[in-house]
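Visitor: My structure is below; once you've seen it, I'll send some questions.
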Amino acid sequence: SPMTVEITTTTGIIRKSDIPSENSRHFLTFQAQLPFAVVGSNTLLDINGKKLRGRMYPWGIAEVENPDHCDFIFLRNNLIRTHMQDLKDVTNNELYENFRCQKLAAVTSVNLDNKLASSNRNPLAQFEIEKKEHQERLKTMKLGMEQVMETKVKEKMTKMEEQKNELKQKHDHALKILEKLRQEVEAKKKELAENQKALEELQLASGVAVNNSTSSLNSTKDKISSKKTKSTKKLF
């Protein structure tokens with residue numbers, strides 16, 4: 001005869017089912033496996049020339065698909081192969097419906113007080129109230145948008161002012177460098193002019209000295225020649 005049992009798995013699903021007598025052996029096998037131990041691994045190991053998924057430990061290797069090491073095969077067969085439709089039904093009819101009812105109850109409980117308060121009002125008065133609330137929301141949204149725009153404009157103006165100050169500083173620095181270079185060039189030109197003037201004065205002084213030495217040399221020659229002439233006249 002069928003019997004009703006309650007099974008709790010590690011997936012957190014509580015399922016009630018009627019197990020016929022012909023499946024009692026399967027149920028006893030299922031119950032004997034509790035609690036389930038599952039080893040997960042995304043690494044393929046080479047064991048005796050075969051690629052097997054498992055974990056390597058200092059004391060040995062735990063194989064994922066070895067029933068002696070892990071209950072993965074047993075759970076996969078029960079959840080995906082033999083009880084997949086049951087899993088879908090429980091998820092859709094119980095878990096999801098409970099979740100949906102909780103969310104709807106939360107939403108309706110929030111709006112329930114407002115509906116009860118507005119059920120006794122005049123429709124025109126209710127319309128005016130809703131219109132006023134809508135206008136207030138629009139006003140709040142408008143103020144919020146204006147504040148956001150004002151903030152963005154201030155940030156943009158501040159950034160532009162900073163860029164302007166930075167460009168002004170660079171321009172002033174460049175002008176200072178140009179003024180310094182101009183002063184250095186003027187000093188070099190002045191120094192060059194002074195050196196050129198000194199050179200001209202030196203050349204002029206050298207020319208006068210050469211002329212004086214030439215004239216003195218010529219006068220000395222004249223004196224010598226005149227003395228020779230006089231001595232010659234005395235001999236004759």
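Residues in the structure tokens are named by chain (A, B, ... in the order shown) and by number from 1 within that chain; ligands are numbered from 1 in the order shown.
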Could you list, as a PyMOL selection string, every residue within 12 Å of segment 63-78 of chain A, counting only C-alpha atoms and ignoring same-chain residues fewer than 4 positions away?

Guide: chain A and resi 9-11+26-27+29-47+50-57+82-87

Visitor: Can I get the selection written as a compact mmCIF listing (two decimals), in the first residue's frame, with N, CA and C atoms?

Guide:
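Wrote it out as selection_31.txt, contents follow:
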# COMPACT_ATOMS: atom_id res chain seq x y z
N THR A 9 16.21 17.32 1.26
CA THR A 9 17.51 17.16 0.59
C THR A 9 18.38 18.36 0.90
N THR A 10 19.65 18.28 0.48
CA THR A 10 20.58 19.38 0.73
C THR A 10 20.28 20.60 -0.13
N THR A 11 19.41 20.46 -1.14
CA THR A 11 19.04 21.61 -1.96
C THR A 11 18.01 22.48 -1.29
N HIS A 26 13.52 1.51 -3.88
CA HIS A 26 14.22 2.73 -4.31
C HIS A 26 14.21 3.79 -3.22
N PHE A 27 13.08 3.87 -2.52
CA PHE A 27 12.99 4.85 -1.44
C PHE A 27 13.94 4.51 -0.31
N THR A 29 16.69 2.86 -0.61
CA THR A 29 18.04 3.17 -1.10
C THR A 29 18.32 4.66 -1.01
N PHE A 30 17.32 5.46 -1.38
CA PHE A 30 17.45 6.91 -1.30
C PHE A 30 17.67 7.36 0.14
N GLN A 31 16.87 6.79 1.05
CA GLN A 31 16.96 7.18 2.45
C GLN A 31 18.28 6.72 3.06
N ALA A 32 18.81 5.59 2.59
CA ALA A 32 20.07 5.10 3.13
C ALA A 32 21.25 5.99 2.74
N GLN A 33 21.09 6.77 1.65
CA GLN A 33 22.18 7.64 1.20
C GLN A 33 22.27 8.92 2.02
N LEU A 34 21.24 9.25 2.80
CA LEU A 34 21.25 10.49 3.59
C LEU A 34 22.27 10.39 4.72
N PRO A 35 22.97 11.47 5.04
CA PRO A 35 23.04 12.74 4.30
C PRO A 35 23.96 12.63 3.10
N PHE A 36 23.70 13.44 2.05
CA PHE A 36 24.46 13.35 0.82
C PHE A 36 25.81 14.06 0.97
N ALA A 37 26.82 13.49 0.34
CA ALA A 37 28.16 14.09 0.30
C ALA A 37 28.55 14.26 -1.16
N VAL A 38 28.78 15.49 -1.56
CA VAL A 38 29.07 15.81 -2.96
C VAL A 38 30.44 16.49 -3.04
N VAL A 39 31.26 16.06 -3.98
CA VAL A 39 32.56 16.67 -4.25
C VAL A 39 32.47 17.35 -5.60
N GLY A 40 32.81 18.61 -5.64
CA GLY A 40 32.78 19.37 -6.91
C GLY A 40 34.20 19.65 -7.39
N SER A 41 34.38 19.63 -8.70
CA SER A 41 35.70 19.91 -9.27
C SER A 41 35.54 20.30 -10.73
N ASN A 42 36.35 21.24 -11.16
CA ASN A 42 36.39 21.63 -12.57
C ASN A 42 37.74 21.27 -13.21
N THR A 43 38.46 20.33 -12.58
CA THR A 43 39.77 19.91 -13.05
C THR A 43 39.71 18.46 -13.51
N LEU A 44 40.29 18.20 -14.67
CA LEU A 44 40.38 16.84 -15.20
C LEU A 44 41.74 16.26 -14.83
N LEU A 45 41.73 15.10 -14.18
CA LEU A 45 42.95 14.44 -13.75
C LEU A 45 43.18 13.20 -14.61
N ASP A 46 44.45 12.92 -14.86
CA ASP A 46 44.83 11.72 -15.63
C ASP A 46 45.09 10.59 -14.65
N ILE A 47 44.13 9.64 -14.60
CA ILE A 47 44.23 8.51 -13.67
C ILE A 47 44.26 7.23 -14.50
N LYS A 50 43.14 7.56 -18.00
CA LYS A 50 41.78 8.04 -18.20
C LYS A 50 41.64 9.46 -17.64
N LYS A 51 40.87 10.28 -18.35
CA LYS A 51 40.60 11.63 -17.90
C LYS A 51 39.37 11.60 -17.00
N LEU A 52 39.57 11.87 -15.71
CA LEU A 52 38.49 11.86 -14.74
C LEU A 52 38.44 13.18 -14.01
N ARG A 53 37.23 13.59 -13.66
CA ARG A 53 37.06 14.85 -12.92
C ARG A 53 37.13 14.53 -11.42
N GLY A 54 37.98 15.26 -10.71
CA GLY A 54 38.12 15.00 -9.29
C GLY A 54 39.06 15.99 -8.62
N ARG A 55 39.31 15.74 -7.35
CA ARG A 55 40.20 16.57 -6.54
C ARG A 55 41.37 15.72 -6.04
N MET A 56 42.55 16.30 -6.06
CA MET A 56 43.74 15.59 -5.62
C MET A 56 44.13 16.10 -4.23
N TYR A 57 44.30 15.17 -3.33
CA TYR A 57 44.69 15.46 -1.95
C TYR A 57 45.99 14.72 -1.64
N THR A 82 15.15 11.02 -13.16
CA THR A 82 13.91 10.38 -12.70
C THR A 82 12.93 11.36 -12.06
N HIS A 83 13.41 12.44 -11.47
CA HIS A 83 12.53 13.35 -10.75
C HIS A 83 12.60 14.78 -11.28
N MET A 84 13.00 14.95 -12.54
CA MET A 84 13.09 16.31 -13.10
C MET A 84 11.72 16.98 -13.16
N GLN A 85 10.70 16.28 -13.60
CA GLN A 85 9.36 16.86 -13.68
C GLN A 85 8.84 17.21 -12.29
N ASP A 86 9.11 16.35 -11.31
CA ASP A 86 8.71 16.66 -9.94
C ASP A 86 9.40 17.93 -9.45
N LEU A 87 10.68 18.08 -9.78
CA LEU A 87 11.43 19.27 -9.39
C LEU A 87 10.83 20.52 -10.04
